[in-house]
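What follows is a short report on a single structure.
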Amino acid sequence: MRIKRTFTCGELRSKDVGKKVSLSGWVHSKRLHGGLIFVDLRDRYGITQLVFKPEVGEEVFERAKRFHHEDVISVSGTVRLRPKGYKNPKLATGDVEVHISDLEVLNESVPLPFMIEEETTAFEDLRLKYRYLDLRRPPLQRAIILMHHIRQAVRSYLSSNGFLEIETPALMKSTPEGARDFLVPSRKHKGKFYALPQSPQTYKQVLMIAGFDRYFQIAHCFRDEDLRADRQPEFSQIDIEASFVDEEDIYSLIEGMFEYVFKETLGVELKRPFPRMAYKDALSRFGTDKPDTRFGMEIVDITAVVRNSGFGVFRGAVESGGVVRGINLPGCGSFSRRQTDNLIDEARSLGAKGLVLLRSASGGFSSSVAKFLTEEEIRGIRDTLSSSDGDLVAIVADKEDVACRVLGELRLRMAKRLGLVPQNSFNFLWIVDCPMFEYSEEEGKIVASHHPFTSPKPEHMEFLESDPLHVLSRSYDLVLNGAELGSGSIRIHRPEVQRRVFRVLGLSDEEMDEKFGFLLRAFQFGAPPHGGIALGLERIAAIMAGRSSIRDVIAFPKTTSAYALMEDAPSTVNDEQLNELGIRLVEEEE
RNA sequence: GGGACCGUAGUUCAGUUUUGGUUAGAACGCCGGCCUGUCAAGCCGGAGGUCGCGAGUUCGAGCCUCGUCGGUCCCGCCA
């Protein structure tokens with residue numbers, strides 16, 4: 001490289017006029033006017049306009065004529081003020097241009113599979129195959145840079161609060177509980193396997209026992225489960241644990257961290273304290289354990305209003321122990337028959353038996369169902385739901401969990417369609433008072449709602465064995481704009497309590513010793529009370545960047561089938577590698 | 001494991017229903033020419049297609065049927 005850059009492509013301003021400068025970057029675009037060539041030179045800092053004139057010499061001028069998109073070049077030249085009327089206000093460097101005197105072509109580009117533009121229309125599989133090109137686009141550059149700033153801010157905040165960053169193993173013991181493990185075969189111990197961490201949960205608890213009373217790590221985690229827009233097989237957790245703390249300590253620590261991170265990276269001031277909501281209230285008011293509180297349209301109970309209704313659908317649901325709940329869809333009273341039919345179909349596909357729609361009009365309801373309702377019921381429903389003329393009331397009469405889930409999902413979809421979801425709004429919410437256990441239909445047994453190291457609420461401890469499903473835990477979830485950022489808890493730190501919880505989960509003494517013996521043993525040697533949280537870094541970043549998928553904040557994400565399109569992973573390995581590990585492949589059966 | 005949508009020049013799409021029918025179009029990109037103030041440069045010309053793949057129906061399939069592969073969203077799953 002003969003010409004070394006003295007400035008970046010986002011740097012030059014009118015104060016630099018007259019300077020002799022060198023720039024390096026990618027040929028973003030070229031505008032050839034015969035005897036005059038403009039080139040937009042781009043790097044991650046911005047774009048600067050280069051001007052090639054014939055005076056530069058035939059060799060350089062002719063070479064510049066042949067530039068392709070995305071050639072990499074270095075140039076030297078003089079910064080000049082652009083003539084009056086030819087400044088470009090869209091560019092930070094738009095007041096100036098560099099008149100080129102020397103050129104070095106560092107790499108030529110073949111024709112591109114898609115253009116490097118602010119927004120691309122290219123399909124995601126193509127973008128993933130040529131990820132290095134997609135990553136040149138400004139939105140992804142901004143997202144990757146934002147990730148860096150978030151990581152830096154998290155480290156800076158936690159470090160200045162006395163937290164130590166400590167790494168834990170990537171090769172660990174497999175535990176069948178929770179998500180499916182990624183397994184790593186052992187060469188030294190043929191037939192045995194490590195697992196990649198789903199989270200460093202037990203290690204961080206052991207670190208507490210070791211006396212590192214404030215720990216954090218931006219931990220890479222792996223879960224072999226199916227993917228979603230917000231779920232990748234590998235992701236990062238901001239993993240935090242502290243000793244001698246209670247829930248309030250964690251809340252204020254984490255709120256402080258987000259306050260700092262948002263201020264540092266986005267310049268956004270967050271409102272504190274974050275609101276808190278009981279788990280059961282979240283379910284009944286929003287139909288989900290991760291409510292999006294950026295808009296209203298809350299689920300309202302009208303069971304009492306229609307308990308003795310002449311309308312069979314309502315009365316029947318109540319008589320069979322169900323509920324009648326509704327949401328008010330503002331301005332949807334003008335929906336066509338087709339639109340209302342679609343809504344009803346949607347409700348059915350979500351699991352409801354049906355959906356009752358009532359148009360609010362002239363102080364009452366304009367609906368075929370209205371004739372089954374008394375004046376009092378109509379007024380009651382309108383008042384309870386705060387429904388005004390022109391609105392549409394959607395009601396589900398069903399078992400409580402079905403009614404809430406269906407209405408919660410309709411609420412989200414309709415808010416999106418009606419454009420009622422405010423952008424650039426960050427609504428944090430703590431979900432508290434979560435149940436300790438839940439019954440898994442599939443496994444036919446009680447499982448931990450959070451994880452088995454979570455402490456039950458002390459006042460519920462006595463019902464642990466007799467009524468486990470009503471025991472609340474000392475866990476908490478953090479929700480942002482309807483997305484679960486993460487969860488944590490105050491942990492169990494006494495071996496006998498941990499054994500009781502394991503026993504409720506159906507583990508025998510032998511099983512708990514085999515799987516978690518190291519933790520139970522550690523608890524016997526002076527374990528401090530402790531608790532913490534783990535937060536999904538990519539989900540945080542995606543919301544901050546305004547992206548709908550965490551793939552956009554990960555440099556090299558996998559597809560929905562967990563495949564890496566750029567380098568083709570996973571791939572087969574040769575027999576030698578398998579032999580060394582003592583592994584033989586089984587033929588795929590039809 | 002299940003549901004929905006998508007797959008046609010390098011890219012994004014139209015063409016698929018009503019009607020299966022000669023030579024599959026457009027824009028951007030690419031290549032060539034003209035052009036000294038553009039910044040979505042402009043003008044003229046050109047090249048570029050196993051219609052994802054495989055069967056089937058048919059005289060004839062981009063279009064109909066079945067299967068399959070890939071991508072995206074969702075349910076299940078994610079202590």
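How things are named: the first chain in the structure tokens is A, the next is B, and so on; residues count from 1 in each chain; ligands count from 1 in the order shown.
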
Show which residues sit within 10 Å of segment 17-30 of chain B, as a count of residues only. Count only C-alpha atoms (C1' of nucleotides), and ignore same-chain residues fewer than 5 positions away.
-> 22

Excluding same-chain residues fewer than 4 positions from segment 93-98 of chain A, what lies within 12 Å of it counting only C-alpha atoms (C1' of nucleotides), as a CSV table (one decimal) with all heavy atoms, in the first residue's frame?
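The new file around.csv reads:
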```csv
chain,number,residue,atom,x,y,z
A,7,PHE,N,-7.1,10.8,6.6
A,7,PHE,CA,-8.4,11.1,7.1
A,7,PHE,C,-9.4,9.9,6.8
A,7,PHE,O,-9.1,9.1,5.9
A,7,PHE,CB,-9.0,12.4,6.4
A,7,PHE,CG,-8.3,13.6,6.9
A,7,PHE,CD1,-7.1,14.1,6.3
A,7,PHE,CD2,-8.9,14.4,8.0
A,7,PHE,CE1,-6.5,15.2,6.8
A,7,PHE,CE2,-8.2,15.5,8.4
A,7,PHE,CZ,-7.1,16.0,7.8
A,8,THR,N,-10.5,9.9,7.5
A,8,THR,CA,-11.5,8.9,7.1
A,8,THR,C,-12.5,9.6,6.1
A,8,THR,O,-12.5,10.8,6.0
A,8,THR,CB,-12.3,8.4,8.3
A,8,THR,OG1,-13.1,9.4,8.8
A,8,THR,CG2,-11.3,7.8,9.3
A,9,CYS,N,-13.4,8.8,5.6
A,9,CYS,CA,-14.3,9.4,4.6
A,9,CYS,C,-15.5,10.2,5.2
A,9,CYS,O,-16.4,10.6,4.5
A,9,CYS,CB,-14.9,8.3,3.7
A,9,CYS,SG,-13.6,7.5,2.7
A,10,GLY,N,-15.5,10.2,6.6
A,10,GLY,CA,-16.6,11.0,7.2
A,10,GLY,C,-16.1,12.2,7.9
A,10,GLY,O,-16.8,12.9,8.6
A,11,GLU,N,-14.8,12.6,7.6
A,11,GLU,CA,-14.2,13.5,8.5
A,11,GLU,C,-14.0,15.0,7.9
A,11,GLU,O,-14.0,15.9,8.7
A,11,GLU,CB,-12.7,13.0,8.7
A,11,GLU,CG,-12.3,13.1,10.1
A,11,GLU,CD,-10.9,12.4,10.3
A,11,GLU,OE1,-10.6,11.5,9.6
A,11,GLU,OE2,-10.2,12.8,11.3
A,12,LEU,N,-13.8,15.1,6.6
A,12,LEU,CA,-13.4,16.4,6.1
A,12,LEU,C,-14.6,17.4,6.1
A,12,LEU,O,-15.7,17.1,5.8
A,12,LEU,CB,-12.9,16.2,4.7
A,12,LEU,CG,-11.6,15.4,4.5
A,12,LEU,CD1,-11.3,15.1,3.1
A,12,LEU,CD2,-10.5,16.1,5.2
A,13,ARG,N,-14.2,18.6,6.5
A,13,ARG,CA,-15.2,19.7,6.6
A,13,ARG,C,-14.6,21.0,5.9
A,13,ARG,O,-13.5,20.9,5.4
A,13,ARG,CB,-15.5,20.1,8.0
A,13,ARG,CG,-16.1,19.0,8.9
A,13,ARG,CD,-17.6,18.7,8.5
A,13,ARG,NE,-18.2,17.7,9.3
A,13,ARG,CZ,-18.1,16.4,9.1
A,13,ARG,NH1,-17.4,15.9,8.1
A,13,ARG,NH2,-18.7,15.5,9.9
A,14,SER,N,-15.4,22.0,5.8
A,14,SER,CA,-14.9,23.2,5.1
A,14,SER,C,-13.6,23.8,5.8
A,14,SER,O,-12.8,24.4,5.1
A,14,SER,CB,-15.9,24.3,5.1
A,14,SER,OG,-16.5,24.5,6.3
A,15,LYS,N,-13.4,23.5,7.1
A,15,LYS,CA,-12.1,24.0,7.7
A,15,LYS,C,-10.9,23.3,7.2
A,15,LYS,O,-9.8,23.7,7.4
A,15,LYS,CB,-12.2,23.8,9.3
A,15,LYS,CG,-12.2,22.3,9.7
A,15,LYS,CD,-12.2,22.2,11.2
A,15,LYS,CE,-12.5,20.8,11.7
A,15,LYS,NZ,-11.7,19.7,11.1
A,16,ASP,N,-11.1,22.2,6.5
A,16,ASP,CA,-10.0,21.4,6.0
A,16,ASP,C,-9.6,21.8,4.5
A,16,ASP,O,-8.7,21.3,3.9
A,16,ASP,CB,-10.3,19.9,6.0
A,16,ASP,CG,-10.5,19.4,7.4
A,16,ASP,OD1,-9.7,19.6,8.3
A,16,ASP,OD2,-11.6,18.8,7.6
A,17,VAL,N,-10.3,22.8,4.0
A,17,VAL,CA,-10.1,23.3,2.6
A,17,VAL,C,-8.6,23.7,2.4
A,17,VAL,O,-8.0,24.4,3.3
A,17,VAL,CB,-11.0,24.4,2.2
A,17,VAL,CG1,-10.5,25.1,1.0
A,17,VAL,CG2,-12.4,23.9,2.0
A,18,GLY,N,-8.0,23.2,1.4
A,18,GLY,CA,-6.6,23.5,1.1
A,18,GLY,C,-5.6,22.4,1.5
A,18,GLY,O,-4.5,22.4,1.0
A,19,LYS,N,-6.1,21.5,2.4
A,19,LYS,CA,-5.2,20.5,2.9
A,19,LYS,C,-5.0,19.4,1.8
A,19,LYS,O,-5.9,19.1,1.1
A,19,LYS,CB,-5.8,19.8,4.1
A,19,LYS,CG,-5.7,20.6,5.4
A,19,LYS,CD,-6.2,19.8,6.6
A,19,LYS,CE,-6.3,20.7,7.8
A,19,LYS,NZ,-7.2,20.2,8.8
A,20,LYS,N,-3.8,18.9,1.9
A,20,LYS,CA,-3.4,17.8,1.0
A,20,LYS,C,-3.7,16.5,1.9
A,20,LYS,O,-3.2,16.4,3.0
A,20,LYS,CB,-1.9,17.9,0.7
A,20,LYS,CG,-1.4,16.7,-0.1
A,20,LYS,CD,-1.3,17.0,-1.6
A,20,LYS,CE,-0.7,15.8,-2.3
A,20,LYS,NZ,-1.2,15.6,-3.6
A,21,VAL,N,-4.7,15.7,1.4
A,21,VAL,CA,-5.1,14.6,2.2
A,21,VAL,C,-5.1,13.3,1.4
A,21,VAL,O,-5.0,13.3,0.2
A,21,VAL,CB,-6.6,14.8,2.7
A,21,VAL,CG1,-6.7,16.0,3.5
A,21,VAL,CG2,-7.6,14.8,1.5
A,22,SER,N,-5.1,12.2,2.1
A,22,SER,CA,-5.2,10.8,1.5
A,22,SER,C,-6.4,10.1,2.2
A,22,SER,O,-6.6,10.2,3.4
A,22,SER,CB,-3.9,10.0,1.7
A,22,SER,OG,-2.9,10.7,1.1
A,23,LEU,N,-7.2,9.4,1.3
A,23,LEU,CA,-8.3,8.7,1.8
A,23,LEU,C,-8.3,7.3,1.2
A,23,LEU,O,-7.7,7.0,0.1
A,23,LEU,CB,-9.6,9.3,1.3
A,23,LEU,CG,-9.9,10.8,1.8
A,23,LEU,CD1,-11.2,11.3,1.0
A,23,LEU,CD2,-10.1,10.9,3.3
A,37,ILE,N,-15.0,13.3,-13.6
A,37,ILE,CA,-15.5,12.1,-12.9
A,37,ILE,C,-15.7,12.4,-11.4
A,37,ILE,O,-14.8,12.9,-10.8
A,37,ILE,CB,-14.6,10.9,-13.0
A,37,ILE,CG1,-14.2,10.6,-14.5
A,37,ILE,CG2,-15.2,9.6,-12.4
A,37,ILE,CD1,-13.0,9.7,-14.7
A,38,PHE,N,-16.9,12.1,-10.9
A,38,PHE,CA,-17.2,12.2,-9.5
A,38,PHE,C,-17.2,10.7,-8.9
A,38,PHE,O,-17.9,9.9,-9.5
A,38,PHE,CB,-18.5,12.8,-9.2
A,38,PHE,CG,-18.6,14.3,-9.7
A,38,PHE,CD1,-19.3,14.6,-10.8
A,38,PHE,CD2,-17.9,15.2,-8.9
A,38,PHE,CE1,-19.3,15.9,-11.2
A,38,PHE,CE2,-18.0,16.6,-9.4
A,38,PHE,CZ,-18.7,16.9,-10.5
A,39,VAL,N,-16.6,10.5,-7.8
A,39,VAL,CA,-16.6,9.2,-7.2
A,39,VAL,C,-17.0,9.5,-5.7
A,39,VAL,O,-16.4,10.3,-5.0
A,39,VAL,CB,-15.3,8.5,-7.2
A,39,VAL,CG1,-15.3,7.3,-6.3
A,39,VAL,CG2,-14.9,8.1,-8.7
A,40,ASP,N,-18.0,8.7,-5.2
A,40,ASP,CA,-18.3,8.7,-3.8
A,40,ASP,C,-17.5,7.6,-3.1
A,40,ASP,O,-17.7,6.5,-3.4
A,40,ASP,CB,-19.8,8.4,-3.6
A,40,ASP,CG,-20.7,9.6,-3.9
A,40,ASP,OD1,-20.1,10.8,-4.0
A,40,ASP,OD2,-21.9,9.5,-4.1
A,41,LEU,N,-16.6,8.0,-2.3
A,41,LEU,CA,-15.7,7.1,-1.6
A,41,LEU,C,-16.3,6.8,-0.2
A,41,LEU,O,-16.6,7.8,0.5
A,41,LEU,CB,-14.3,7.6,-1.5
A,41,LEU,CG,-13.3,6.5,-1.1
A,41,LEU,CD1,-13.1,5.5,-2.2
A,41,LEU,CD2,-11.9,7.2,-0.8
A,42,ARG,N,-16.5,5.6,0.1
A,42,ARG,CA,-17.2,5.2,1.4
A,42,ARG,C,-16.3,4.4,2.3
A,42,ARG,O,-15.6,3.5,1.8
A,42,ARG,CB,-18.4,4.4,1.0
A,42,ARG,CG,-19.4,4.2,2.2
A,42,ARG,CD,-20.4,3.0,1.9
A,42,ARG,NE,-19.6,1.8,2.0
A,42,ARG,CZ,-19.6,0.9,1.0
A,42,ARG,NH1,-20.2,1.2,-0.1
A,42,ARG,NH2,-18.9,-0.2,1.2
A,45,TYR,N,-17.1,5.4,8.3
A,45,TYR,CA,-17.3,6.7,8.9
A,45,TYR,C,-18.1,7.7,8.0
A,45,TYR,O,-18.6,8.7,8.5
A,45,TYR,CB,-15.9,7.4,9.2
A,45,TYR,CG,-15.0,6.5,9.9
A,45,TYR,CD1,-14.1,5.6,9.3
A,45,TYR,CD2,-15.0,6.4,11.3
A,45,TYR,CE1,-13.2,4.8,10.0
A,45,TYR,CE2,-14.2,5.5,12.0
A,45,TYR,CZ,-13.3,4.7,11.3
A,45,TYR,OH,-12.5,3.9,12.0
A,46,GLY,N,-18.2,7.3,6.7
A,46,GLY,CA,-19.1,8.2,5.9
A,46,GLY,C,-18.7,8.1,4.4
A,46,GLY,O,-18.0,7.2,4.0
A,47,ILE,N,-19.1,9.2,3.7
A,47,ILE,CA,-18.8,9.2,2.3
A,47,ILE,C,-18.2,10.6,1.9
A,47,ILE,O,-18.7,11.6,2.5
A,47,ILE,CB,-20.2,9.1,1.5
A,47,ILE,CG1,-20.6,7.6,1.5
A,47,ILE,CG2,-20.0,9.5,0.0
A,47,ILE,CD1,-21.9,7.3,0.8
A,48,THR,N,-17.2,10.6,1.1
A,48,THR,CA,-16.6,11.8,0.6
A,48,THR,C,-16.6,11.8,-0.9
A,48,THR,O,-16.2,10.8,-1.5
A,48,THR,CB,-15.1,12.0,1.2
A,48,THR,OG1,-15.2,12.0,2.6
A,48,THR,CG2,-14.5,13.2,0.7
A,49,GLN,N,-16.9,13.0,-1.5
A,49,GLN,CA,-16.9,13.0,-3.0
A,49,GLN,C,-15.5,13.3,-3.5
A,49,GLN,O,-14.8,14.3,-3.0
A,49,GLN,CB,-17.9,14.1,-3.5
A,49,GLN,CG,-17.8,14.3,-5.0
A,49,GLN,CD,-19.0,15.0,-5.6
A,49,GLN,OE1,-20.0,14.4,-5.7
A,49,GLN,NE2,-18.8,16.3,-5.8
A,50,LEU,N,-15.0,12.4,-4.4
A,50,LEU,CA,-13.7,12.7,-5.0
A,50,LEU,C,-14.0,13.2,-6.4
A,50,LEU,O,-15.0,12.9,-7.1
A,50,LEU,CB,-13.0,11.4,-5.2
A,50,LEU,CG,-12.9,10.4,-4.0
A,50,LEU,CD1,-12.1,9.2,-4.4
A,50,LEU,CD2,-12.3,11.1,-2.8
A,51,VAL,N,-13.1,14.1,-6.9
A,51,VAL,CA,-13.2,14.7,-8.2
A,51,VAL,C,-12.0,14.3,-9.0
A,51,VAL,O,-10.9,14.6,-8.6
A,51,VAL,CB,-13.4,16.2,-8.2
A,51,VAL,CG1,-13.6,16.8,-9.6
A,51,VAL,CG2,-14.6,16.6,-7.3
A,52,PHE,N,-12.2,13.7,-10.1
A,52,PHE,CA,-11.0,13.4,-11.1
A,52,PHE,C,-11.2,14.3,-12.3
A,52,PHE,O,-12.2,14.2,-12.9
A,52,PHE,CB,-11.1,11.9,-11.5
A,52,PHE,CG,-10.7,10.9,-10.4
A,52,PHE,CD1,-11.7,10.5,-9.5
A,52,PHE,CD2,-9.5,10.4,-10.3
A,52,PHE,CE1,-11.4,9.6,-8.5
A,52,PHE,CE2,-9.2,9.5,-9.3
A,52,PHE,CZ,-10.1,9.1,-8.4
A,53,LYS,N,-10.2,15.1,-12.6
A,53,LYS,CA,-10.1,15.9,-13.8
A,53,LYS,C,-9.0,15.4,-14.7
A,53,LYS,O,-8.0,14.8,-14.2
A,53,LYS,CB,-10.0,17.4,-13.4
A,53,LYS,CG,-11.2,17.9,-12.7
A,53,LYS,CD,-11.1,19.4,-12.5
A,53,LYS,CE,-12.5,20.0,-12.1
A,53,LYS,NZ,-12.4,21.4,-11.8
A,75,VAL,N,-6.5,7.2,-2.4
A,75,VAL,CA,-6.3,8.4,-3.2
A,75,VAL,C,-5.6,9.5,-2.4
A,75,VAL,O,-5.7,9.6,-1.2
A,75,VAL,CB,-7.6,8.9,-3.8
A,75,VAL,CG1,-8.2,8.0,-4.8
A,75,VAL,CG2,-8.6,9.2,-2.7
A,76,SER,N,-4.9,10.4,-3.1
A,76,SER,CA,-4.4,11.6,-2.5
A,76,SER,C,-4.9,12.8,-3.3
A,76,SER,O,-5.1,12.6,-4.5
A,76,SER,CB,-2.9,11.6,-2.5
A,76,SER,OG,-2.4,10.6,-1.7
A,77,GLY,N,-5.1,13.9,-2.7
A,77,GLY,CA,-5.6,15.1,-3.4
A,77,GLY,C,-5.7,16.2,-2.4
A,77,GLY,O,-5.3,16.2,-1.3
A,78,THR,N,-6.3,17.3,-3.0
A,78,THR,CA,-6.5,18.5,-2.2
A,78,THR,C,-8.0,18.7,-1.9
A,78,THR,O,-8.8,18.6,-2.8
A,78,THR,CB,-6.0,19.7,-3.0
A,78,THR,OG1,-4.6,19.4,-3.5
A,78,THR,CG2,-6.0,21.0,-2.2
A,79,VAL,N,-8.2,19.1,-0.6
A,79,VAL,CA,-9.6,19.4,-0.3
A,79,VAL,C,-10.0,20.8,-0.8
A,79,VAL,O,-9.3,21.8,-0.6
A,79,VAL,CB,-9.7,19.4,1.3
A,79,VAL,CG1,-11.2,19.7,1.7
A,79,VAL,CG2,-9.2,18.1,1.9
A,80,ARG,N,-11.1,20.8,-1.5
A,80,ARG,CA,-11.6,22.1,-2.1
A,80,ARG,C,-13.0,22.3,-1.6
A,80,ARG,O,-13.8,21.4,-1.5
A,80,ARG,CB,-11.6,22.1,-3.6
A,80,ARG,CG,-10.2,21.8,-4.2
A,80,ARG,CD,-9.7,23.0,-5.0
A,80,ARG,NE,-8.4,22.7,-5.6
A,80,ARG,CZ,-8.1,22.4,-6.8
A,80,ARG,NH1,-9.1,22.4,-7.7
A,80,ARG,NH2,-6.9,22.2,-7.2
A,81,LEU,N,-13.4,23.6,-1.5
A,81,LEU,CA,-14.8,23.9,-1.2
A,81,LEU,C,-15.6,23.7,-2.5
A,81,LEU,O,-15.1,24.0,-3.6
A,81,LEU,CB,-14.9,25.4,-0.8
A,81,LEU,CG,-16.1,25.8,0.0
A,81,LEU,CD1,-16.1,25.1,1.4
A,81,LEU,CD2,-16.0,27.3,0.2
A,82,ARG,N,-16.7,23.1,-2.3
A,82,ARG,CA,-17.6,22.9,-3.5
A,82,ARG,C,-18.1,24.2,-4.0
A,82,ARG,O,-18.4,25.1,-3.2
A,82,ARG,CB,-18.7,22.0,-3.2
A,82,ARG,CG,-18.4,20.5,-2.9
A,82,ARG,CD,-19.6,19.7,-3.0
A,82,ARG,NE,-19.4,18.4,-2.5
A,82,ARG,CZ,-20.3,17.4,-2.7
A,82,ARG,NH1,-21.4,17.6,-3.4
A,82,ARG,NH2,-20.1,16.2,-2.1
A,83,PRO,N,-18.2,24.4,-5.3
A,83,PRO,CA,-18.8,25.6,-5.8
A,83,PRO,C,-20.2,25.9,-5.2
A,83,PRO,O,-20.9,25.0,-4.8
A,83,PRO,CB,-18.9,25.4,-7.3
A,83,PRO,CG,-18.0,24.2,-7.6
A,83,PRO,CD,-18.0,23.4,-6.4
A,84,LYS,N,-20.5,27.2,-5.2
A,84,LYS,CA,-21.8,27.6,-4.6
A,84,LYS,C,-22.9,26.9,-5.4
A,84,LYS,O,-22.9,26.8,-6.6
A,84,LYS,CB,-22.0,29.1,-4.8
A,84,LYS,CG,-22.7,29.7,-3.6
A,84,LYS,CD,-22.7,31.3,-3.8
A,84,LYS,CE,-23.2,31.9,-2.5
A,84,LYS,NZ,-23.0,33.4,-2.5
A,85,GLY,N,-23.9,26.3,-4.7
A,85,GLY,CA,-25.0,25.7,-5.3
A,85,GLY,C,-24.7,24.2,-5.6
A,85,GLY,O,-25.6,23.5,-6.1
A,86,TYR,N,-23.5,23.7,-5.3
A,86,TYR,CA,-23.2,22.3,-5.6
A,86,TYR,C,-22.9,21.6,-4.3
A,86,TYR,O,-22.3,20.5,-4.3
A,86,TYR,CB,-22.1,22.2,-6.6
A,86,TYR,CG,-22.5,22.7,-8.0
A,86,TYR,CD1,-21.9,23.9,-8.5
A,86,TYR,CD2,-23.4,22.0,-8.7
A,86,TYR,CE1,-22.3,24.4,-9.7
A,86,TYR,CE2,-23.8,22.5,-10.0
A,86,TYR,CZ,-23.3,23.7,-10.5
A,86,TYR,OH,-23.7,24.1,-11.7
A,87,LYS,N,-23.2,22.2,-3.2
A,87,LYS,CA,-23.0,21.5,-1.9
A,87,LYS,C,-24.1,20.4,-1.8
A,87,LYS,O,-25.2,20.6,-2.3
A,87,LYS,CB,-23.0,22.5,-0.7
A,87,LYS,CG,-22.0,23.6,-0.8
A,87,LYS,CD,-21.9,24.4,0.4
A,87,LYS,CE,-21.1,25.7,0.3
A,87,LYS,NZ,-19.8,25.5,-0.2
A,88,ASN,N,-23.7,19.4,-1.0
A,88,ASN,CA,-24.7,18.3,-0.8
A,88,ASN,C,-25.1,18.2,0.7
A,88,ASN,O,-24.3,17.6,1.5
A,88,ASN,CB,-24.2,16.9,-1.3
A,88,ASN,CG,-25.2,15.8,-1.2
A,88,ASN,OD1,-26.2,16.0,-0.6
A,88,ASN,ND2,-24.9,14.7,-1.8
A,89,PRO,N,-26.2,18.7,1.0
A,89,PRO,CA,-26.6,18.7,2.5
A,89,PRO,C,-26.9,17.4,3.0
A,89,PRO,O,-27.0,17.2,4.2
A,89,PRO,CB,-27.9,19.6,2.5
A,89,PRO,CG,-28.4,19.5,1.1
A,89,PRO,CD,-27.3,19.3,0.2
A,102,ASP,N,-3.5,11.6,-7.1
A,102,ASP,CA,-2.8,10.3,-7.1
A,102,ASP,C,-3.8,9.2,-6.7
A,102,ASP,O,-4.7,9.4,-5.9
A,102,ASP,CB,-1.6,10.3,-6.1
A,102,ASP,CG,-0.7,9.1,-6.4
A,102,ASP,OD1,-0.9,8.4,-7.4
A,102,ASP,OD2,0.2,8.9,-5.5
B,37,G,P,-20.8,20.3,-16.9
B,37,G,OP1,-21.8,19.7,-17.8
B,37,G,OP2,-20.5,21.8,-17.1
B,37,G,O5',-21.3,20.1,-15.4
B,37,G,C5',-21.8,18.8,-15.0
B,37,G,C4',-22.0,18.9,-13.5
B,37,G,O4',-20.7,18.9,-12.9
B,37,G,C3',-22.7,20.1,-13.0
B,37,G,O3',-23.5,19.7,-11.9
B,37,G,C2',-21.6,21.0,-12.5
B,37,G,O2',-22.0,21.9,-11.5
B,37,G,C1',-20.7,20.0,-12.0
B,37,G,N9,-19.3,20.4,-11.8
B,37,G,C8,-18.4,20.8,-12.8
B,37,G,N7,-17.2,21.1,-12.3
B,37,G,C5,-17.3,20.9,-11.0
B,37,G,C6,-16.4,21.0,-10.0
B,37,G,O6,-15.2,21.4,-10.1
B,37,G,N1,-16.8,20.6,-8.7
B,37,G,C2,-18.1,20.2,-8.5
B,37,G,N2,-18.4,19.9,-7.3
B,37,G,N3,-19.0,20.0,-9.4
B,37,G,C4,-18.6,20.4,-10.6
B,39,C,P,-27.6,14.5,-10.1
B,39,C,OP1,-28.7,13.6,-10.6
B,39,C,OP2,-28.0,16.0,-9.8
B,39,C,O5',-27.0,13.9,-8.7
B,39,C,C5',-26.8,12.5,-8.6
B,39,C,C4',-26.0,12.2,-7.4
B,39,C,O4',-24.8,13.0,-7.3
B,39,C,C3',-26.7,12.6,-6.1
B,39,C,O3',-27.6,11.5,-5.7
B,39,C,C2',-25.6,12.8,-5.1
B,39,C,O2',-25.1,11.6,-4.6
B,39,C,C1',-24.5,13.4,-6.0
B,39,C,N1,-24.4,14.9,-5.9
B,39,C,C2,-23.6,15.4,-4.9
B,39,C,O2,-23.1,14.6,-4.1
B,39,C,N3,-23.5,16.7,-4.8
B,39,C,C4,-24.1,17.5,-5.7
B,39,C,N4,-23.9,18.8,-5.6
B,39,C,C5,-24.9,17.0,-6.8
B,39,C,C6,-25.0,15.7,-6.9
```

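Each of B:G3, B:G45, B:G56, B:G67 was compared to chain A using only C-alpha atoms (C1' of nucleotides), and B:G3 turns out to be the nearest.
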
What's the 9 Å shell around Gly532 of chain A, counting only C-alpha atoms (C1' of nucleotides), without same-chain residues fewer than 6 positions away, as number ranges by chain?
-> A: 239-243, 245, 247, 250, 487-491

Would you kindly report the residues of chain B within 6 Å of chain A, using only C-alpha atoms (C1' of nucleotides), as a ChimeraX atom specification?
-> /B:10-11,35-36,71,78-79

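Atom CA of Gly326 of chain A lies 7.4 Å from atom CA of Leu385 of chain A.
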
Find the residues around C66 of chain B up to 12 Å (only C-alpha atoms (C1' of nucleotides) counted), leave out those fewer than 6 positions away in its own chain, and share them as JSON, numbers by chain.
-> {"B": [54, 55, 56, 57]}

With a distance cut-off of 8 Å and only C-alpha atoms (C1' of nucleotides), select the neighbouring residues of Ile73 of chain A, excluding the residue or stretch itself and same-chain residues fewer than 5 positions from it, and output the selection as a list in words.
-> Ser24, Gly25, Trp26, Val27, Leu103, Glu104, Val105, Leu106 and Asn107 of chain A
